[in-house]
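Structure file query00.cif (mmCIF, C-alpha atoms and all ligand atoms) follows.
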```cif
data_model
loop_
_atom_site.label_atom_id
_atom_site.label_comp_id
_atom_site.auth_asym_id
_atom_site.auth_seq_id
_atom_site.Cartn_x
_atom_site.Cartn_y
_atom_site.Cartn_z
CA MET B 1 19.32 -13.72 -15.06
CA LEU B 2 16.47 -12.51 -12.83
CA SER B 3 13.07 -13.85 -13.95
CA ALA B 4 9.75 -12.28 -12.98
CA LEU B 5 6.37 -13.90 -12.45
CA VAL B 6 3.65 -11.26 -12.29
CA LEU B 7 0.22 -11.81 -10.76
CA PRO B 8 -2.15 -11.91 -13.77
CA GLY B 9 -3.87 -8.53 -14.23
CA PHE B 10 -1.39 -6.51 -12.15
CA THR B 11 -0.46 -3.98 -14.83
CA ALA B 12 1.75 -1.83 -12.57
CA GLY B 13 3.60 -5.04 -11.63
CA PHE B 14 4.57 -5.77 -15.25
CA TYR B 15 5.93 -2.25 -15.53
CA ILE B 16 8.01 -2.68 -12.37
CA ALA B 17 9.41 -6.04 -13.52
CA GLU B 18 10.46 -4.41 -16.79
CA ARG B 19 12.10 -1.54 -14.93
CA VAL B 20 14.15 -3.96 -12.82
CA GLY B 21 15.33 -5.53 -16.06
CA ALA B 22 13.87 -8.93 -15.14
CA LYS B 23 12.78 -11.41 -17.79
CA ILE B 24 9.00 -11.69 -17.55
CA VAL B 25 7.92 -15.33 -17.78
CA ARG B 26 4.31 -15.84 -18.84
CA VAL B 27 1.79 -17.19 -16.37
CA SER B 28 -1.62 -18.63 -17.27
CA GLU B 29 -4.58 -19.12 -14.99
CA LYS B 30 -8.02 -20.68 -14.98
CA VAL B 31 -10.80 -21.50 -12.55
CA PHE B 32 -12.05 -25.06 -12.21
CA PRO B 33 -15.84 -25.65 -12.38
CA ASP B 34 -15.98 -25.99 -8.58
CA GLY B 35 -14.36 -22.56 -8.15
CA GLU B 36 -10.83 -23.75 -7.33
CA LEU B 37 -7.98 -21.76 -8.86
CA TYR B 38 -5.20 -22.96 -11.14
CA ILE B 39 -2.00 -21.23 -12.17
CA ARG B 40 0.87 -22.39 -14.38
CA ILE B 41 4.23 -20.95 -15.39
CA GLU B 42 4.11 -21.23 -19.19
CA GLU B 43 7.85 -21.79 -19.70
CA PRO B 44 9.21 -23.24 -16.46
CA GLU B 45 12.62 -23.83 -18.09
CA LYS B 46 13.10 -20.02 -18.03
CA VAL B 47 12.86 -20.12 -14.26
CA ALA B 48 15.10 -23.14 -13.59
CA GLY B 49 18.37 -22.15 -11.92
CA ASN B 50 17.50 -18.45 -11.94
CA PRO B 51 16.65 -16.02 -9.15
CA VAL B 52 12.93 -15.33 -9.38
CA MET B 53 10.91 -12.33 -8.40
CA VAL B 54 7.18 -12.80 -7.83
CA VAL B 55 5.35 -9.51 -8.32
CA SER B 56 1.99 -9.23 -6.65
CA THR B 57 -0.54 -7.22 -4.70
CA LEU B 58 -3.34 -8.32 -2.39
CA TYR B 59 -6.25 -5.98 -3.11
CA PRO B 60 -9.01 -6.44 -4.09
CA ASN B 61 -10.01 -10.10 -3.44
CA GLN B 62 -7.39 -10.42 -0.73
CA LEU B 63 -7.60 -14.15 -0.11
CA GLU B 64 -7.92 -15.13 -3.75
CA ASN B 65 -4.87 -13.08 -4.65
CA LEU B 66 -2.96 -14.32 -1.63
CA PHE B 67 -3.57 -17.87 -2.80
CA LYS B 68 -2.56 -17.04 -6.39
CA THR B 69 0.63 -15.47 -5.01
CA LEU B 70 1.35 -18.60 -2.95
CA MET B 71 0.75 -20.76 -6.02
CA LEU B 72 3.22 -18.65 -8.02
CA ILE B 73 5.81 -18.98 -5.26
CA ASP B 74 5.32 -22.75 -5.05
CA ALA B 75 5.41 -23.13 -8.84
CA ALA B 76 8.65 -21.12 -8.99
CA ARG B 77 10.23 -23.36 -6.35
CA ASN B 78 9.05 -26.50 -8.15
CA ALA B 79 10.53 -25.17 -11.39
CA GLY B 80 13.94 -24.79 -9.71
CA ALA B 81 14.19 -21.09 -8.86
CA SER B 82 17.59 -20.48 -7.23
CA ARG B 83 16.27 -17.67 -5.01
CA LEU B 84 12.82 -16.24 -4.32
CA VAL B 85 12.03 -12.59 -3.83
CA LEU B 86 8.47 -11.39 -3.39
CA TYR B 87 7.30 -7.88 -4.19
CA VAL B 88 3.84 -7.46 -2.73
CA ALA B 89 2.76 -3.88 -3.32
CA TYR B 90 -0.13 -4.04 -0.85
CA LEU B 91 0.11 -6.44 2.06
CA ALA B 92 -3.49 -7.19 2.99
CA TYR B 93 -4.60 -7.73 6.60
CA SER B 94 -1.74 -5.55 7.87
CA ARG B 95 -4.10 -3.42 9.97
CA GLN B 96 -4.83 -6.42 12.20
CA ASP B 97 -1.23 -6.23 13.40
CA LYS B 98 -1.92 -6.88 17.07
CA ILE B 99 -4.62 -8.10 19.42
CA PHE B 100 -6.95 -5.14 19.93
CA LEU B 101 -9.73 -7.07 21.68
CA PRO B 102 -9.29 -10.34 23.58
CA GLY B 103 -9.92 -13.37 21.39
CA GLU B 104 -8.57 -11.88 18.15
CA PRO B 105 -5.90 -13.36 15.86
CA VAL B 106 -2.93 -11.34 14.56
CA SER B 107 -3.94 -11.78 10.92
CA ALA B 108 -0.99 -9.80 9.55
CA CYS B 109 1.42 -12.29 11.13
CA ILE B 110 -0.46 -15.22 9.61
CA ILE B 111 0.16 -13.75 6.15
CA ALA B 112 3.84 -13.06 6.87
CA ARG B 113 4.38 -16.62 8.15
CA VAL B 114 2.50 -18.24 5.27
CA LEU B 115 4.63 -16.36 2.74
CA LYS B 116 7.81 -17.54 4.44
CA THR B 117 6.57 -21.12 4.64
CA ALA B 118 5.71 -21.05 0.93
CA GLY B 119 9.36 -20.24 0.16
CA VAL B 120 9.79 -16.47 0.07
CA GLU B 121 13.31 -15.59 1.20
CA ARG B 122 13.20 -11.84 0.70
CA LEU B 123 10.17 -9.60 0.85
CA LEU B 124 9.55 -6.07 -0.36
CA THR B 125 6.33 -4.23 0.33
CA VAL B 126 5.13 -0.65 0.13
CA ASP B 127 4.11 1.31 3.18
CA VAL B 128 2.87 -1.56 5.32
CA HIS B 129 0.43 -0.28 7.94
CA SER B 130 2.88 -1.01 10.74
CA PRO B 131 6.49 -2.19 10.30
CA ARG B 132 5.77 -4.50 13.26
CA VAL B 133 4.11 -6.84 10.74
CA LEU B 134 7.43 -7.55 9.07
CA GLU B 135 8.89 -8.77 12.36
CA CYS B 136 6.71 -11.86 11.85
CA PHE B 137 8.47 -12.58 8.56
CA GLU B 138 11.55 -14.68 9.24
CA GLY B 139 13.61 -13.58 6.26
CA SER B 140 14.93 -10.27 5.00
CA SER B 141 12.27 -7.70 4.37
CA VAL B 142 12.03 -4.08 3.29
CA ASN B 143 9.16 -1.67 3.78
CA LEU B 144 9.32 1.08 1.20
CA VAL B 145 7.73 4.35 2.31
CA VAL B 146 6.65 6.48 -0.65
CA SER B 147 4.97 9.41 1.12
CA ASP B 148 7.82 11.63 -0.12
CA LEU B 149 6.82 10.95 -3.75
CA LEU B 150 3.15 11.54 -3.02
CA VAL B 151 3.74 14.82 -1.19
CA GLU B 152 6.16 16.05 -3.88
CA HIS B 153 3.26 15.59 -6.28
CA ALA B 154 0.77 17.29 -3.94
CA ILE B 155 2.72 20.45 -3.28
CA LYS B 156 2.02 21.82 -6.74
CA TYR B 157 -1.50 22.54 -5.44
CA VAL B 158 -0.54 24.36 -2.24
CA THR B 159 0.80 27.58 -0.76
CA ASN B 160 2.19 27.90 2.77
CA PRO B 161 1.61 24.19 3.39
CA ILE B 162 1.78 22.10 6.52
CA ILE B 163 1.99 18.30 6.35
CA ILE B 164 -0.36 16.56 8.76
CA ALA B 165 -0.70 12.93 9.81
CA PRO B 166 -4.35 12.02 10.55
CA ASP B 167 -3.20 9.97 13.56
CA LYS B 168 0.00 9.50 15.54
CA GLY B 169 0.71 6.20 13.78
CA ALA B 170 1.18 8.06 10.49
CA LEU B 171 3.67 10.56 11.93
CA GLU B 172 6.70 9.01 10.23
CA ARG B 173 4.89 9.17 6.89
CA ALA B 174 4.49 12.91 7.44
CA SER B 175 7.98 13.55 8.80
CA LEU B 176 9.75 11.91 5.82
CA PRO B 177 8.46 14.33 3.15
CA ALA B 178 8.46 17.26 5.59
CA GLY B 179 12.17 16.69 6.27
CA LYS B 180 12.98 16.29 2.58
CA LEU B 181 11.06 19.37 1.50
CA GLY B 182 11.83 21.52 4.55
CA LEU B 183 8.16 21.79 5.58
CA GLU B 184 6.44 21.91 8.95
CA TYR B 185 4.51 18.84 10.09
CA ASP B 186 2.12 17.84 12.84
CA TYR B 187 -0.42 15.16 13.71
CA LEU B 188 -4.02 14.77 14.84
CA ILE B 189 -5.35 12.54 17.60
CA LYS B 190 -7.85 10.05 16.24
CA GLN B 191 -10.06 7.62 18.12
CA ARG B 192 -11.80 4.72 16.45
CA ASP B 193 -14.53 2.71 18.10
CA ARG B 194 -13.20 -0.84 17.72
CA THR B 195 -16.69 -2.27 17.41
CA THR B 196 -18.59 0.25 15.26
CA GLY B 197 -15.56 1.66 13.41
CA GLU B 198 -16.78 5.21 14.11
CA ILE B 199 -14.03 7.86 14.05
CA THR B 200 -13.76 10.94 16.25
CA TYR B 201 -11.00 13.48 16.65
CA ILE B 202 -9.83 14.82 20.00
CA PRO B 203 -9.31 18.59 19.80
CA ARG B 204 -5.63 19.50 19.54
CA GLU B 205 -4.10 22.80 18.51
CA VAL B 206 -2.60 22.59 15.02
CA LYS B 207 -1.53 25.71 13.13
CA VAL B 208 -3.66 25.43 10.00
CA GLU B 209 -5.49 28.75 9.82
CA GLY B 210 -5.19 30.25 6.34
CA ARG B 211 -2.80 27.48 5.30
CA ASP B 212 -2.98 24.57 2.90
CA VAL B 213 -2.81 21.14 4.49
CA VAL B 214 -1.34 18.01 2.97
CA LEU B 215 -2.72 15.00 4.84
CA VAL B 216 -0.52 11.90 4.71
CA ASP B 217 -1.84 8.39 5.40
CA ASP B 218 -1.13 4.81 4.38
CA ILE B 219 -4.59 3.56 3.42
CA ILE B 220 -7.91 5.04 2.42
CA SER B 221 -10.50 2.33 2.91
CA THR B 222 -13.98 3.62 3.81
CA GLY B 223 -12.68 7.20 3.70
CA GLY B 224 -13.91 7.84 7.27
CA THR B 225 -10.50 8.85 8.65
CA ILE B 226 -9.70 11.26 5.86
CA ALA B 227 -13.21 12.74 5.68
CA GLU B 228 -13.34 13.41 9.44
CA ALA B 229 -9.81 14.82 9.56
CA SER B 230 -10.41 17.07 6.54
CA ARG B 231 -13.69 18.36 7.88
CA MET B 232 -12.04 19.28 11.16
CA LEU B 233 -9.05 20.97 9.49
CA LEU B 234 -11.28 23.04 7.20
CA LYS B 235 -13.45 23.99 10.18
CA ASN B 236 -10.29 25.16 11.94
CA GLY B 237 -9.49 27.54 9.09
CA ALA B 238 -7.39 25.50 6.66
CA ARG B 239 -7.62 27.01 3.16
CA ARG B 240 -7.36 23.76 1.22
CA VAL B 241 -6.85 20.08 2.07
CA ILE B 242 -4.94 17.80 -0.28
CA VAL B 243 -4.93 14.14 0.70
CA THR B 244 -2.08 11.75 -0.01
CA ALA B 245 -2.31 8.05 0.78
CA THR B 246 -0.26 5.14 -0.47
CA HIS B 247 -3.07 2.64 -1.01
CA GLY B 248 -6.38 3.99 -2.33
CA LEU B 249 -8.89 1.19 -1.74
CA PHE B 250 -11.89 3.57 -1.82
CA VAL B 251 -14.43 1.09 -0.53
CA GLY B 252 -18.15 1.78 -1.15
CA ASN B 253 -18.95 5.51 -1.10
CA ALA B 254 -15.50 6.52 0.19
CA LEU B 255 -14.88 8.96 -2.64
CA SER B 256 -18.15 10.84 -2.26
CA LYS B 257 -17.62 10.93 1.51
CA ILE B 258 -14.20 12.53 1.01
CA GLY B 259 -15.52 14.87 -1.68
CA ASP B 260 -18.38 15.98 0.59
CA ALA B 261 -15.84 16.78 3.32
CA GLY B 262 -14.34 19.42 1.00
CA VAL B 263 -11.07 17.73 -0.03
CA TYR B 264 -9.40 19.39 -3.03
CA ARG B 265 -7.41 16.42 -4.43
CA ILE B 266 -6.52 12.85 -3.47
CA ILE B 267 -3.10 11.58 -4.48
CA VAL B 268 -2.39 7.85 -4.27
CA ALA B 269 0.21 5.35 -5.49
CA ASP B 270 -0.41 2.67 -8.07
CA THR B 271 -0.20 -0.35 -5.72
CA LEU B 272 -3.45 -2.22 -6.36
CA LEU B 273 -5.10 -4.35 -9.03
CA VAL B 274 -7.76 -1.66 -9.49
CA LYS B 275 -7.63 2.02 -10.36
CA HIS B 276 -10.34 4.58 -9.67
CA PHE B 277 -11.05 7.02 -12.44
CA HIS B 278 -12.55 9.96 -10.55
CA PRO B 279 -12.00 13.73 -10.90
CA LEU B 280 -10.52 13.99 -7.38
CA VAL B 281 -8.05 11.11 -7.73
CA GLU B 282 -4.54 11.25 -9.16
CA TYR B 283 -2.07 8.35 -9.32
CA VAL B 284 1.65 8.72 -8.80
CA ASP B 285 4.12 6.38 -10.46
CA ILE B 286 6.36 4.83 -7.78
CA SER B 287 8.00 2.28 -10.08
CA GLU B 288 11.43 3.93 -10.12
CA LYS B 289 11.77 3.78 -6.32
CA VAL B 290 10.33 0.25 -6.16
CA ALA B 291 12.57 -1.00 -8.97
CA ALA B 292 15.67 0.38 -7.24
CA ALA B 293 14.71 -1.32 -3.96
CA LEU B 294 13.94 -4.58 -5.78
CA ALA B 295 17.20 -4.55 -7.67
CA ASP B 296 18.98 -4.18 -4.31
CA LEU B 297 16.96 -6.88 -2.59
CA SER B 298 17.20 -9.40 -5.41
CA GLY B 299 20.96 -8.84 -5.69
CA SER B 300 20.80 -7.79 -9.32
CA THR B 301 22.87 -4.63 -8.82
C1 LIG Z 401 -5.48 3.54 10.37
O1 LIG Z 401 -4.74 3.55 11.34
C2 LIG Z 401 -4.97 3.69 8.97
O2 LIG Z 401 -3.72 4.31 8.95
C3 LIG Z 401 -5.93 4.43 8.08
O3 LIG Z 401 -6.08 5.74 8.55
C4 LIG Z 401 -7.29 3.77 8.08
O4 LIG Z 401 -7.14 2.38 7.97
C5 LIG Z 401 -8.14 4.27 6.97
O5 LIG Z 401 -9.37 3.59 6.99
P1 LIG Z 401 -10.71 4.34 6.63
O6 LIG Z 401 -10.51 4.98 5.29
O7 LIG Z 401 -11.74 3.25 6.60
O8 LIG Z 401 -10.97 5.34 7.71
#
```
Could you render the structure as structure tokens?
Amino acid sequence: MLSALVLPGFTAGFYIAERVGAKIVRVSEKVFPDGELYIRIEEPEKVAGNPVMVVSTLYPNQLENLFKTLMLIDAARNAGASRLVLYVAYLAYSRQDKIFLPGEPVSACIIARVLKTAGVERLLTVDVHSPRVLECFEGSSVNLVVSDLLVEHAIKYVTNPIIIAPDKGALERASLPAGKLGLEYDYLIKQRDRTTGEITYIPREVKVEGRDVVLVDDIISTGGTIAEASRMLLKNGARRVIVTATHGLFVGNALSKIGDAGVYRIIVADTLLVKHFHPLVEYVDISEKVAAALADLSGST
């Protein structure tokens, strides 16, 4: 029977493990006086000889939670897991997926390789920034795009909508729901200063006048991308802007920045260890889609 080890505190992860029908095995943790972390599978005999699914996410405290995830994977192997599947709802560092400036590492590949070295055979993640990251993982991997679920939730707020990607990289995220729902879609051209992080948009004709726009992105971090894009769309005559993004990190004053730009609602998935309770933000449950993909990947169907 499939056993699940869930990163402590990841509430959405427990729900997903239950949905897959896995047996949740308790995990305890503590911090040593010098700050080092400790994790233990409470009943390792429940793992022995069984396929094991580690359920995790890497935001916030990316490195701490990466290390806890690695410890869970190692503990599962030591306890005799027959197969190891990792569900990591948010794969941190995935935006550093190539060398942008000479002298940089490809941090996303470091994470993918470390996970494989620790013993992960199959990997499922949600809306990784670029699928290129998974090419660094030498095992089977699945990237689950959930923009269709987010947009289905958003369209209750709109009339005559158009789906828009805030940059060309997010085009597939916009085309998936647009195709499913029979809606028009387009994209904006964004430029980010690699050193200062400042975002500007290059003018491009998009048919938004008098229409509602559903913006589709993977991550909201500082909110700069979404705020700039929304401001420009509203200036160009859009009636209302609804934002959908898979991972709502909302760093610092991101939410007030987006609110000030005139956004009507922000719809995100429940992929992180934290949730933001804010009048603009709504969470969408993606557990059914994740559980189906996990059941497939772990061979339990
Ligand atoms: C960039 O290519 C990503 O898809 C997101 O648009 C970006 O990372 C969001 O970051 P921020 O909210 O800081 O603009």
**Report entry** d(CA of Lys235 (chain B), CA of Gly223 (chain B)) in Å
**Finding:**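 Interatomic distance here is 18.0 Å.
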Query - Test item: residues lying within 7 Å of ligand LIG 401 (chain Z) with all atoms listed in the file, as a ChimeraX atom specification - result: /B:95,129,166-167,169-170,217-226
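As for CA of Thr69 (chain B) and CA of Leu273 (chain B), they are spaced 13.1 Å apart.
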Query - Distance criterion (only C-alpha atoms): nearest to Leu66 (chain B) out of B:Tyr283, B:Phe137, B:Tyr90, B:Tyr264 - result: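 The shortest atom-to-atom distance to Leu66 (chain B) comes from B:Tyr90.
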**Report entry** Residue nearest Pro44 (chain B) among B:Ser56, B:Ser28, B:Asn143, B:Thr244 (counting all atoms listed in the file)
**Finding:**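 Of the candidates, the smallest distance to Pro44 (chain B) is held by B:Ser28.
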Query raised in the report: Residues around (-3.7, 7.7, -8.1), cut-off 12 Å, counting only C-alpha atoms - what are they as a count of residues only?
Result: 35
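Proximity ranking of B:Arg173, B:Arg26, B:Arg240, B:Lys257 relative to Glu43 (chain B) places B:Arg26 first, based on only C-alpha atoms.
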Report task. Using only C-alpha atoms, determine which residues lie at most 9 Å from Val25 (chain B), disregarding the query and same-chain residues fewer than 4 positions distant; provide the list as a PyMOL selection string. Result -> chain B and resi 3-6+41-44+46-47
Report task. List the residues sitting within 9 Å of (5.1, -19.4, -8.2) in the file's frame, using only C-alpha atoms, as a PyMOL selection string. Result -> chain B and resi 5+39-41+52+54+68-79
Query raised in the report: Looking at B:Pro161, B:Pro51, B:Pro33, B:Gly299, which one is nearest to Leu2 (chain B), with distances taken over all atoms listed in the file?
Result: B:Pro51
Query raised in the report: Given the choices B:Val216, B:Ile16, B:Val31, B:Leu63, which gets closest to Ser107 (chain B) if the distance is worked out from only C-alpha atoms?
Result: B:Leu63
